[in-house]
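File shown: entry_4.txt. Contents: compact mmCIF, C-alpha atoms.
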# COMPACT_ATOMS: atom_id res chain seq x y z
CA MET A 29 34.59 -104.85 206.15
CA GLN A 30 38.01 -106.22 205.34
CA PRO A 31 40.63 -106.61 208.11
CA ASN A 32 43.97 -105.02 207.39
CA GLU A 33 47.36 -106.58 208.19
CA ILE A 34 47.64 -105.23 211.71
CA GLY A 35 44.40 -106.78 212.85
CA THR A 36 42.06 -103.78 212.77
CA GLU A 37 38.81 -103.05 211.01
CA LYS A 38 37.63 -99.68 209.74
CA ALA A 39 34.10 -98.62 208.94
CA LYS A 40 33.33 -97.46 205.42
CA TYR A 41 32.90 -93.75 204.91
CA LEU A 42 29.76 -92.27 203.42
CA PHE A 43 31.70 -89.37 201.88
CA PRO A 44 35.07 -89.48 200.08
CA ARG A 45 37.92 -88.15 202.15
CA GLU A 46 38.82 -85.65 199.45
CA SER A 47 35.37 -84.02 199.59
CA ILE A 48 35.85 -82.84 203.16
CA THR A 49 39.45 -81.66 202.89
CA GLY A 50 39.69 -78.31 204.62
CA MET A 51 36.65 -78.98 206.77
CA TYR A 52 38.01 -81.86 208.80
CA HIS A 53 41.41 -82.81 210.08
CA TRP A 54 42.08 -86.55 210.28
CA ARG A 55 44.32 -87.75 213.06
CA ALA A 56 44.69 -91.26 214.54
CA GLY A 57 41.23 -92.35 213.40
CA GLN A 58 39.52 -89.30 214.87
CA ILE A 59 37.77 -86.47 213.02
CA GLU A 60 38.26 -82.99 214.40
CA ARG A 61 35.84 -80.36 213.27
CA HIS A 62 37.06 -76.91 212.25
CA ASN A 63 35.09 -73.81 211.24
CA ASN A 64 31.76 -75.05 212.58
CA THR A 65 29.70 -72.38 210.84
CA PHE A 66 31.04 -73.19 207.40
CA CYS A 67 30.74 -76.91 207.93
CA SER A 68 27.20 -76.82 209.21
CA LYS A 69 26.03 -75.21 206.00
CA LEU A 70 27.58 -77.82 203.71
CA LEU A 71 27.37 -80.88 205.94
CA PRO A 72 24.41 -81.18 208.33
CA GLU A 73 25.20 -82.20 211.89
CA LYS A 74 23.05 -85.31 211.60
CA ASN A 75 25.29 -86.67 208.82
CA ILE A 76 28.52 -86.40 210.79
CA LYS A 77 27.91 -89.78 212.44
CA PHE A 78 28.51 -91.50 209.09
CA LEU A 79 32.08 -90.21 209.10
CA SER A 80 33.11 -91.80 212.36
CA VAL A 81 35.89 -94.39 212.38
CA LYS A 82 35.58 -97.58 214.35
CA ILE A 83 38.76 -99.48 215.20
CA LYS A 84 38.72 -102.95 216.69
CA LEU A 85 41.88 -104.70 217.83
CA ASN A 86 41.56 -108.41 217.03
CA MET A 87 44.70 -109.68 218.76
CA LYS A 88 45.83 -109.21 222.33
CA PHE A 89 48.96 -110.27 224.15
CA ARG A 90 50.08 -109.39 227.66
CA ALA A 91 52.70 -111.03 229.84
CA LYS A 92 54.37 -110.17 233.13
CA MET A 93 57.59 -111.35 234.77
CA ILE A 94 58.34 -110.71 238.45
CA ASP A 95 60.95 -113.34 239.32
CA VAL A 96 64.47 -112.04 238.66
CA GLY A 97 65.79 -115.50 237.87
CA CYS A 98 63.14 -116.02 235.19
CA LEU A 99 63.87 -112.58 233.75
CA ASN A 100 67.61 -113.29 233.55
CA HIS A 101 67.02 -116.70 232.00
CA PHE A 102 64.66 -115.25 229.39
CA THR A 103 67.24 -112.55 228.64
CA ARG A 104 69.94 -115.19 228.06
CA VAL A 105 67.68 -117.05 225.64
CA VAL A 106 66.91 -113.88 223.67
CA ASN A 107 70.62 -112.98 223.66
CA THR A 108 71.35 -116.39 222.13
CA ILE A 109 68.71 -115.87 219.44
CA SER A 110 70.07 -112.39 218.66
CA LYS A 111 73.51 -113.91 217.93
CA LEU A 112 72.05 -116.46 215.54
CA THR A 113 69.88 -114.25 213.35
CA LYS A 114 69.08 -110.61 212.60
CA THR A 115 65.34 -111.24 212.22
CA CYS A 116 63.10 -114.15 213.11
CA ILE A 117 59.50 -115.06 213.78
CA LEU A 118 58.13 -114.91 217.32
CA ARG A 119 55.22 -117.32 217.46
CA LEU A 120 52.96 -116.91 220.49
CA THR A 121 50.55 -119.63 221.61
CA PRO A 122 48.63 -120.12 224.88
CA ASN A 123 51.27 -122.49 226.29
CA ASN A 124 54.52 -121.74 224.48
CA LEU A 125 56.67 -119.14 222.78
CA TYR A 126 58.71 -120.02 219.71
CA PHE A 127 61.55 -118.22 217.98
CA VAL A 128 61.63 -119.49 214.40
CA LEU A 129 64.04 -118.98 211.54
CA SER A 130 62.54 -120.73 208.55
CA GLY A 131 65.64 -120.84 206.38
CA LYS A 132 65.60 -122.87 203.21
CA VAL A 133 68.28 -125.36 204.24
CA ALA A 134 68.18 -127.00 200.82
CA SER A 135 69.16 -123.62 199.32
CA GLY A 136 72.02 -123.01 201.74
CA GLY A 137 70.19 -121.15 204.51
CA VAL A 138 70.26 -122.08 208.17
CA GLY A 139 67.13 -122.99 210.10
CA MET A 140 66.26 -122.49 213.77
CA TRP A 141 63.51 -123.59 216.14
CA CYS A 142 63.57 -122.46 219.78
CA GLU A 143 60.72 -123.49 222.08
CA LEU A 144 59.98 -122.02 225.53
CA SER A 145 57.27 -122.98 227.98
CA GLN A 146 55.57 -119.73 229.00
CA ALA A 147 54.60 -121.08 232.45
CA ASN A 148 58.30 -121.34 233.39
CA PHE A 149 58.98 -117.67 232.65
CA PHE A 150 55.86 -115.56 233.15
CA ASP A 151 53.77 -114.91 236.25
CA GLU A 152 50.91 -113.61 234.10
CA TYR A 153 50.23 -114.53 230.49
CA GLN A 154 47.19 -113.58 228.42
CA LEU A 155 46.72 -114.25 224.73
CA GLU A 156 43.90 -113.75 222.26
CA GLY A 157 44.90 -114.91 218.81
CA VAL A 158 43.56 -114.04 215.39
CA ALA A 159 40.58 -116.42 215.69
CA PRO A 160 39.06 -118.98 218.09
CA ASP A 161 40.27 -121.81 215.85
CA ALA A 162 43.72 -120.23 215.47
CA ASN A 163 44.59 -118.89 218.91
CA GLU A 164 48.08 -117.78 217.93
CA ILE A 165 49.99 -114.65 216.99
CA CYS A 166 53.00 -114.61 214.66
CA LEU A 167 55.29 -111.59 214.64
CA GLU A 168 58.47 -110.81 212.76
CA VAL A 169 60.92 -109.31 215.26
CA THR A 170 64.51 -108.14 215.45
CA PRO A 171 65.91 -110.13 218.41
CA GLU A 172 68.70 -107.59 219.03
CA ASN A 173 66.10 -104.89 219.77
CA LEU A 174 64.35 -107.15 222.26
CA SER A 175 67.70 -108.15 223.76
CA ARG A 176 68.74 -104.52 224.33
CA ALA A 177 65.42 -103.74 225.98
CA LEU A 178 65.74 -106.71 228.33
CA ARG A 179 69.34 -105.83 229.25
CA THR A 180 68.17 -102.45 230.60
CA SER A 181 65.64 -104.29 232.79
CA GLN A 182 67.88 -106.79 234.56
CA ASN A 183 67.19 -105.51 238.08
CA ALA A 184 63.57 -104.53 237.51
CA LYS A 185 60.89 -105.30 240.09
CA CYS A 186 58.66 -106.44 237.26
CA VAL A 187 58.62 -106.42 233.47
CA LYS A 188 55.48 -106.28 231.36
CA ILE A 189 55.37 -107.15 227.67
CA LYS A 190 52.33 -106.41 225.54
CA LEU A 191 51.33 -106.11 221.91
CA THR A 192 50.40 -102.52 221.07
CA LYS A 193 49.65 -100.38 218.06
CA LYS A 194 51.35 -97.01 218.00
CA HIS A 195 52.92 -95.62 214.83
CA CYS A 196 53.15 -99.30 213.87
CA PRO A 197 52.58 -102.64 215.62
CA CYS A 198 54.97 -102.90 218.59
CA LEU A 199 55.97 -105.17 221.40
CA THR A 200 55.97 -102.71 224.27
CA LEU A 201 58.21 -103.62 227.19
CA VAL A 202 57.58 -101.75 230.44
CA ALA A 203 60.11 -102.22 233.25
CA GLU A 204 59.48 -100.97 236.77
CA LEU A 205 62.92 -100.27 238.21
CA PRO A 206 63.81 -100.23 241.92
CA THR A 207 64.24 -96.83 243.55
CA LEU A 208 65.30 -95.46 246.94
CA SER A 209 62.62 -92.78 246.90
CA SER A 210 58.85 -92.96 246.76
CA VAL A 211 58.89 -91.93 243.11
CA SER A 212 58.59 -94.89 240.77
CA ARG A 213 60.97 -95.31 237.85
CA VAL A 214 59.47 -96.84 234.74
CA VAL A 215 61.30 -97.48 231.47
CA THR A 216 59.28 -98.19 228.33
CA HIS A 217 60.63 -99.69 225.10
CA ASP A 218 58.55 -99.89 221.92
CA ILE A 219 59.95 -102.62 219.69
CA PRO A 220 58.56 -102.48 216.13
CA VAL A 221 57.22 -105.76 214.77
CA ASP A 222 55.45 -106.99 211.65
CA VAL A 223 52.33 -109.12 212.01
CA ILE A 224 52.51 -112.27 209.88
CA PRO A 225 49.25 -113.08 208.05
CA ARG A 226 47.64 -116.38 208.85
CA ARG A 227 48.06 -117.61 205.28
CA LEU A 228 51.84 -117.73 205.82
CA TRP A 229 51.83 -119.62 209.12
CA HIS A 230 52.53 -122.96 207.46
CA ASP A 231 56.15 -121.82 207.02
CA PHE A 232 56.67 -121.55 210.77
CA LYS A 233 55.73 -124.99 212.07
CA GLU A 234 58.15 -127.23 213.95
CA PRO A 235 60.65 -128.74 211.50
CA ARG A 236 60.62 -132.46 210.94
CA MET A 237 63.41 -134.48 212.50
CA PRO A 238 65.82 -135.35 209.66
CA ASP A 239 66.46 -139.00 208.87
CA PHE A 240 70.01 -138.84 210.21
CA ASP A 241 72.85 -141.31 209.81
CA VAL A 242 74.55 -140.69 213.19
CA SER A 243 73.46 -138.94 216.37
CA ILE A 244 76.06 -138.07 218.99
CA TYR A 245 76.37 -136.06 222.19
CA LEU A 246 78.53 -132.96 221.82
CA PRO A 247 81.62 -132.24 223.93
CA PRO A 248 81.51 -129.20 226.27
CA LEU A 249 80.43 -126.33 224.05
CA LYS A 250 83.10 -124.00 225.40
CA THR A 251 85.80 -126.51 224.43
CA MET A 252 84.26 -126.98 221.02
CA LYS A 253 84.07 -123.21 220.52
CA ASN A 254 87.79 -122.79 221.30
CA VAL A 255 88.67 -125.44 218.72
CA VAL A 256 86.43 -123.93 216.01
CA ASP A 257 87.76 -120.41 216.71
CA ARG A 258 91.30 -121.58 216.00
CA MET A 259 90.32 -123.55 212.93
CA LYS A 260 88.53 -120.54 211.46
CA ASN A 261 91.91 -118.89 210.92
CA LEU A 262 92.93 -121.75 208.63
CA SER A 263 89.88 -122.31 206.44
CA ASN A 264 86.34 -121.17 205.68
CA PHE A 265 85.01 -124.72 205.81
CA LEU A 266 84.99 -127.49 208.38
CA VAL A 267 84.16 -131.17 208.22
CA MET A 268 82.25 -132.61 211.18
CA GLU A 269 82.16 -136.39 211.34
CA ALA A 270 80.98 -138.93 213.91
CA ASN A 271 80.19 -142.60 214.32
CA LEU A 272 78.14 -144.88 216.57
CA ASN A 273 81.08 -145.52 218.91
CA GLY A 274 80.80 -142.04 220.44
CA GLU A 275 83.67 -140.61 218.42
CA MET A 276 83.57 -137.21 216.72
CA ASN A 277 86.18 -135.36 214.67
CA LEU A 278 86.44 -131.76 213.54
CA LYS A 279 88.63 -131.49 210.43
CA ILE A 280 90.19 -128.77 208.35
CA GLU A 281 91.72 -129.77 205.02
CA THR A 282 93.34 -127.30 202.61
CA ASP A 283 96.18 -127.45 200.08
CA LEU A 284 98.57 -126.20 202.75
CA VAL A 285 97.40 -127.77 205.99
CA SER A 286 95.35 -130.61 207.42
CA VAL A 287 94.18 -130.38 211.05
CA THR A 288 91.93 -132.80 212.95
CA THR A 289 90.65 -132.59 216.53
CA HIS A 290 89.42 -135.89 217.98
CA PHE A 291 86.75 -136.36 220.65
CA LYS A 292 86.11 -139.81 222.14
CA ASP A 293 83.62 -141.47 224.51
CA LEU A 294 80.93 -138.86 223.86
CA GLY A 295 78.10 -141.35 223.70
CA ASN A 296 75.22 -141.72 221.25
CA PRO A 297 71.69 -140.62 222.23
CA PRO A 298 68.94 -143.26 222.01
CA TRP A 299 66.09 -142.42 219.64
CA GLY A 300 62.83 -144.24 219.14
CA ASP A 301 60.83 -146.45 221.46
CA ASP A 302 63.43 -149.22 221.37
CA GLY A 303 66.36 -146.87 221.96
CA SER A 304 67.69 -147.35 218.45
CA GLN A 305 68.78 -144.65 216.00
CA GLY A 306 66.45 -145.50 213.14
CA ARG A 307 68.21 -146.28 209.88
CA SER A 308 71.59 -145.80 211.57
CA GLN A 309 71.00 -148.97 213.58
CA SER A 310 72.29 -151.05 210.66
CA ARG A 311 75.45 -148.94 210.22
CA ASP A 312 78.91 -150.19 211.02
CA PRO A 313 79.71 -148.51 214.38
CA GLU A 314 83.20 -147.61 213.16
CA VAL A 315 82.14 -145.89 209.92
CA MET A 316 82.01 -142.10 210.05
CA ALA A 317 79.14 -140.02 208.72
CA HIS A 318 80.39 -136.58 207.75
CA THR A 319 79.19 -133.21 206.49
CA ARG A 320 81.19 -130.22 205.27
CA VAL A 321 79.80 -126.90 206.48
CA ASP A 322 80.58 -123.19 206.50
CA ILE A 323 82.72 -122.77 209.60
CA ARG A 324 81.32 -119.28 210.26
CA LYS A 325 77.81 -120.67 210.73
CA LEU A 326 79.02 -123.22 213.25
CA GLN A 327 81.09 -120.56 215.03
CA GLN A 328 78.07 -118.24 215.14
CA PHE A 329 76.04 -120.97 216.83
CA LEU A 330 78.75 -121.62 219.43
CA MET A 331 79.40 -117.91 220.09
CA GLY A 332 75.75 -117.18 220.80
CA GLN A 333 75.07 -120.11 223.06
CA GLN A 334 73.95 -118.83 226.48
CA VAL A 335 71.17 -121.33 227.18
CA ASN A 336 73.42 -123.49 229.44
CA PRO A 337 71.90 -126.74 228.16
CA SER A 338 71.73 -129.90 230.21
CA LYS A 339 72.18 -131.88 226.97
CA ALA A 340 73.76 -130.94 223.64
CA MET A 341 73.47 -133.28 220.66
CA CYS A 342 74.27 -133.36 216.97
CA ASN A 343 72.52 -135.36 214.23
CA ILE A 344 74.50 -135.79 211.03
CA VAL A 345 72.81 -136.47 207.71
CA HIS A 346 75.69 -137.71 205.58
CA LYS A 347 76.89 -134.95 203.23
CA ARG A 348 73.67 -132.97 203.70
CA ILE A 349 72.84 -131.42 207.11
CA ILE A 350 74.15 -130.92 210.63
CA HIS A 351 71.25 -130.76 213.08
CA LEU A 352 72.28 -129.30 216.46
CA ILE A 353 70.02 -129.70 219.50
CA LEU A 354 70.33 -127.98 222.87
CA LEU A 355 68.03 -129.07 225.69
CA HIS A 356 67.31 -127.25 228.93
CA GLU A 357 64.56 -128.10 231.40
CA ASP A 358 62.34 -125.33 229.98
CA VAL A 359 64.01 -124.45 226.67
CA SER A 360 64.87 -126.44 223.56
CA LEU A 361 66.86 -125.06 220.63
CA GLN A 362 67.31 -126.72 217.24
CA TYR A 363 69.69 -125.35 214.62
CA PHE A 364 70.15 -126.66 211.09
CA ILE A 365 73.35 -126.03 209.10
CA PRO A 366 73.34 -127.20 205.46
CA ALA A 367 76.28 -128.86 203.74
CA VAL A 368 78.47 -127.03 201.26
CA ALA A 369 80.06 -128.61 198.23
As structure tokens, what does this structure read like?
Amino acid sequence: MQPNEIGTEKAKYLFPRESITGMYHWRAGQIERHNNTFCSKLLPEKNIKFLSVKIKLNMKFRAKMIDVGCLNHFTRVVNTISKLTKTCILRLTPNNLYFVLSGKVASGGVGMWCELSQANFFDEYQLEGVAPDANEICLEVTPENLSRALRTSQNAKCVKIKLTKKHCPCLTLVAELPTLSSVSRVVTHDIPVDVIPRRLWHDFKEPRMPDFDVSIYLPPLKTMKNVVDRMKNLSNFLVMEANLNGEMNLKIETDLVSVTTHFKDLGNPPWGDDGSQGRSQSRDPEVMAHTRVDIRKLQQFLMGQQVNPSKAMCNIVHKRIIHLILLHEDVSLQYFIPAVA
């Protein structure tokens, strides 16, 4: 028996389906018998057992949130993801959840990696992956659908999320809402997903840290967003540059106007065991590393940011990539924006 793409197995049939058309009605893997007298003459009762369908669900996922603070925090994270991409991969493992956008940065696409520790969000968490040696599940989801479902559950007493198979594979979200009467109020959302085959998982591993030229802490993201919003009216492209003295500039240069916003004393994060910044250690602290990017992609990142990070950093690979990192105590978000010519 060969598994299909939604993790089920079906028994082989002794008789072709076409040969019993009119005698049996197939519905949801069940065989309903009609016109018993006619059927019994052509198909003996003892042979009916060969026509049964056996369905086995290989993957299981169930999670439950009770704490309102955890629910609101998870909702903010999903809202952020929904602003950054229309579709992404939700990778489920026993200890973590990942939202992954495996964009080909070298071809001009953005990339994203968001990691959440499940223990900091869920009161109950059960996972059975595709195999004992690959205890994971990868699903393609539309974050906006998940975000809308969570927004309707903000004041819920508890929220359950599970992987189900209905008309298609779904993440089913069940919210038990508070009520003044003895009658319970339950809202159910079925969010369609696509199951990613194991052979494609290699595309959704944590991205390698780029060999950057300069790493710098970002200014307050709200301030940075206000600057970028104004610059967007002047040009479609922005130059971000920084050095090892904690200085960062955002620049717009066109035939008609040149605008630069300066940030100072931001600080440079230590990397490596010795606190150095790798190959950037030998750089002149005054020399700027810069990358020209699509301003809309940077604005999209800043507009969607609801994680409230404790640290926000930017690694610049000269003329190639801007690597943005947001760190929270239980969430980390990496976003890659490629350079434009």
inquiry  = Would you pick out the contacts of segment 276-286 of chain A at 10 Å or less, using all atoms listed in the file, so that residues sharing its chain but fewer than 3 positions from it are not included, and give the list as a ChimeraX atom specification?
reply    = /A:244-247,252,255-256,259-260,262-273,289-295,316-318,320,323
Contacts of segment 200-209 of chain A within 6 Å, all atoms listed in the file, excl. fewer than 3 positions in-chain, as a count of residues only = 14
Among the residues A:Leu167, A:Cys198, A:Met140, A:Ile219, the one that comes closest to Gln362 of chain A [using all atoms listed in the file] =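 Looking only at the distances to Gln362 of chain A, the closest residue turns out to be A:Met140.
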key: Length of the atom CA of Glu234 of chain A to atom CA of Ile353 of chain A vector [Å]   =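 Separating atom CA of Glu234 of chain A from atom CA of Ile353 of chain A is a distance of 13.3 Å.
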message = Ranking A:Glu143, A:Asp312, A:Asp257, A:Glu275 by minimum distance to Asp241 of chain A and counting only C-alpha atoms, which one comes first?
response =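 The shortest atom-to-atom distance to Asp241 of chain A comes from A:Asp312.
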query = Interatomic distance between atom CA of Asp161 of chain A and atom CA of Val223 of chain A?
reply =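 Computing the Euclidean distance for atom CA of Asp161 of chain A and atom CA of Val223 of chain A yields 17.9 Å.
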ask   = Between atom CA of His101 of chain A and atom CA of Ser175 of chain A, what is the distance, to one decimal in Å?
value = 11.9 Å
request  = Tell me which protein, DNA and RNA residues are within 10 Å of Val345 of chain A, counting all atoms listed in the file, leaving out same-chain ones fewer than 6 positions away, and put them as a ChimeraX atom specification.
outcome  = /A:238-243,317-319,351,366-367
Do you have, as JSON lines, the list of residues of segment 251-326 of chain A lying at most 12 Å from segment 106-125 of chain A, each with its nearest atom pair and that distance in Å to one decimal, counting all atoms listed in the file and ordered by chain then number?
{"residue": "A:Arg324", "atom": "CA", "partner": "A:Leu112", "partner_atom": "CA", "distance": 11.0}
{"residue": "A:Lys325", "atom": "CA", "partner": "A:Leu112", "partner_atom": "CA", "distance": 8.6}
{"residue": "A:Leu326", "atom": "CA", "partner": "A:Leu112", "partner_atom": "CA", "distance": 10.0}
Write out, as a PDB file, keeping the file's coordinate frame, the residues just selected, with C-alpha atoms.
ATOM      1  CA  ARG A 324      81.320-119.280 210.260  1.00  0.00           C
ATOM      2  CA  LYS A 325      77.810-120.670 210.730  1.00  0.00           C
ATOM      3  CA  LEU A 326      79.020-123.220 213.250  1.00  0.00           C
TER       4      LEU A 326
END
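Among the candidate residues A:Asn296, A:Glu152, A:Val169, A:Gly97, the one lying nearest to Phe127 of chain A is A:Val169, with distances computed using all atoms listed in the file.
The residue set within 7 Å of segment 103-105 of chain A, counting only C-alpha atoms and dropping same-chain residues fewer than 6 places from it, reads Ser175, Leu178, Gln334 and Val335 of chain A.
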query = In terms of the shortest atom-to-atom distance over only C-alpha atoms, which of A:Pro160, A:Pro297, A:Pro337, A:Gly137 is closest to Val368 of chain A?
reply = A:Gly137
query = From the list A:Gln182, A:Phe89, A:Lys194, A:Gly139, which residue is nearest Tyr153 of chain A when using only C-alpha atoms?
reply =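 Answer, going by the shortest atom-to-atom distance: A:Phe89.
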